[in-house]
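Worksheet for the structure shown next.
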Amino acid sequence: MHLSDIRYERFNNRNCSAARELLSQDAEAGADLLRVLDEEPELFISAFVKDTLVALVLMEAHTIQSHLEVFVAPRLRRQGIGTAMAKAAEIHLQAGGTRTVSTSFRSGVPASSAFAGKLGYAPYYSLVYMQRTAGLFPVGETPARPYVDGDFLPAHSLYATAFHEMRVRGVSGDALYGI
């Protein structure tokens with residue numbers, strides 16, 4: 001197989017069962033992408049070799065800062081397909097006005113972070129999901145109270161600060177709401 005044999009297309013719902021099969025080949029890596037595929041299939045580009053779906057790339061909508069995630073069939077990894085997919089997605093996003101592209105990778109999987117690094121992505125921040133295993137939360141009084149008129153100024157200040165920070169970082173309110 002040569003990289004020139006790869007055909008890229010916008011995701012089409014007729015390929016949904018093939019995409020599910022592809023993502024199930026690495027259930028841990030594919031689980032989040034499968035959820036997005038169910039909700040927003042238009043965010044994906046498919047890669048085919050002949051008539052076989054070999055990879056998917058998830059691209060956020062065109063905004064100043066966008067995000068992409070690449071998934072390649074496990075048996076075809078380390079052959080340049082993921083790199084080709086990422087580069088094609090970056091070109092597509094840049095043509096739509098994106099200036100900064102981010103990605104994410106699975107922690108504890110050295111090949112995943114090495115792939116991102118090879119493409120020029122440097123760590124920006126780290127997030128760890130944790131699951132409580134110590135049993136149920138104790139039940140008690142909720143420290144919440146109903147809104148009162150005196151809450152307007154502090155609440156508005158919080159809102160204004162948050163949106164100001166997003167504008168400074170280049171994220172528009174429209175992008176936040178998918179407009």
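Letters A, B, ... mark the chains of the structure tokens in the order given; residue numbers begin at 1 per chain; ligand numbers begin at 1, in order shown.
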
- Can you tell me, as a list in words, what residues are no more than 10 Å from A:Arg77 when counting only C-alpha atoms, ignoring any on the same chain fewer than 5 positions away? Val54, Ala55, Phe71, Val72, Gly82 and Thr83 of chain A

Please identify every residue of stretch 89-116 of chain A that has at least one atom no farther than 12 Å from an atom of stretch 126-140 of chain A, counting only C-alpha atoms, and for each give the shortest atom pair and the distance in Å to one decimal, arranged by chain then increasing number, as a Markdown table.
```
| residue | atom | partner | partner_atom | distance |
| --- | --- | --- | --- | --- |
| A:Thr103 | CA | A:Ser126 | CA | 11.8 |
| A:Ser104 | CA | A:Ser126 | CA | 9.4 |
| A:Phe105 | CA | A:Ser126 | CA | 10.1 |
| A:Arg106 | CA | A:Val128 | CA | 10.1 |
| A:Ser107 | CA | A:Val128 | CA | 8.4 |
| A:Gly108 | CA | A:Val128 | CA | 10.9 |
| A:Ser113 | CA | A:Ser126 | CA | 11.9 |
```

Just the selected residues (N, CA and C atoms), exported as a PDB file, in the first residue's frame, please.
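The resulting selection08.pdb:
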```
ATOM      1  N   THR A 103      -4.575  18.756  19.590  1.00  0.00           N
ATOM      2  CA  THR A 103      -4.978  17.352  19.559  1.00  0.00           C
ATOM      3  C   THR A 103      -4.876  16.810  20.973  1.00  0.00           C
ATOM      4  N   SER A 104      -5.316  15.613  21.172  1.00  0.00           N
ATOM      5  CA  SER A 104      -5.181  14.961  22.471  1.00  0.00           C
ATOM      6  C   SER A 104      -4.722  13.533  22.223  1.00  0.00           C
ATOM      7  N   PHE A 105      -4.141  12.939  23.249  1.00  0.00           N
ATOM      8  CA  PHE A 105      -3.705  11.560  23.140  1.00  0.00           C
ATOM      9  C   PHE A 105      -3.890  10.870  24.474  1.00  0.00           C
ATOM     10  N   ARG A 106      -3.882   9.552  24.445  1.00  0.00           N
ATOM     11  CA  ARG A 106      -4.116   8.772  25.651  1.00  0.00           C
ATOM     12  C   ARG A 106      -2.856   8.743  26.502  1.00  0.00           C
ATOM     13  N   SER A 107      -2.997   9.149  27.763  1.00  0.00           N
ATOM     14  CA  SER A 107      -1.851   9.092  28.665  1.00  0.00           C
ATOM     15  C   SER A 107      -1.514   7.634  28.941  1.00  0.00           C
ATOM     16  N   GLY A 108      -0.267   7.384  29.210  1.00  0.00           N
ATOM     17  CA  GLY A 108       0.156   6.020  29.481  1.00  0.00           C
ATOM     18  C   GLY A 108       0.341   5.182  28.232  1.00  0.00           C
ATOM     19  N   SER A 113       1.578   9.564  22.442  1.00  0.00           N
ATOM     20  CA  SER A 113       2.235  10.859  22.634  1.00  0.00           C
ATOM     21  C   SER A 113       3.380  11.042  21.655  1.00  0.00           C
TER      22      SER A 113
END
```

- Task: From a DSSP pass on the backbone, collect the residues of chain A flagged as helix (DSSP H, G or I) and hand them back as an MDAnalysis selection string.
- Result: chainID A and resid 3:5 13:24 27:39 41:43 74:76 81:95 110:118 149:169 173:176

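Atom pair atom CA of A:Met166 / atom CA of A:His67: separated by 15.9 Å.
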
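Of the listed residues A:Met59, A:Leu23, A:Ile81, A:Ala116, the one whose atoms come nearest to A:Arg35 is A:Leu23, with distances taken using only C-alpha atoms.
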
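Shortest separation to A:Thr98 among A:Leu68, A:Ala84, A:Ala114, A:Val148 occurs at residue A:Leu68, atoms counted being only C-alpha atoms.
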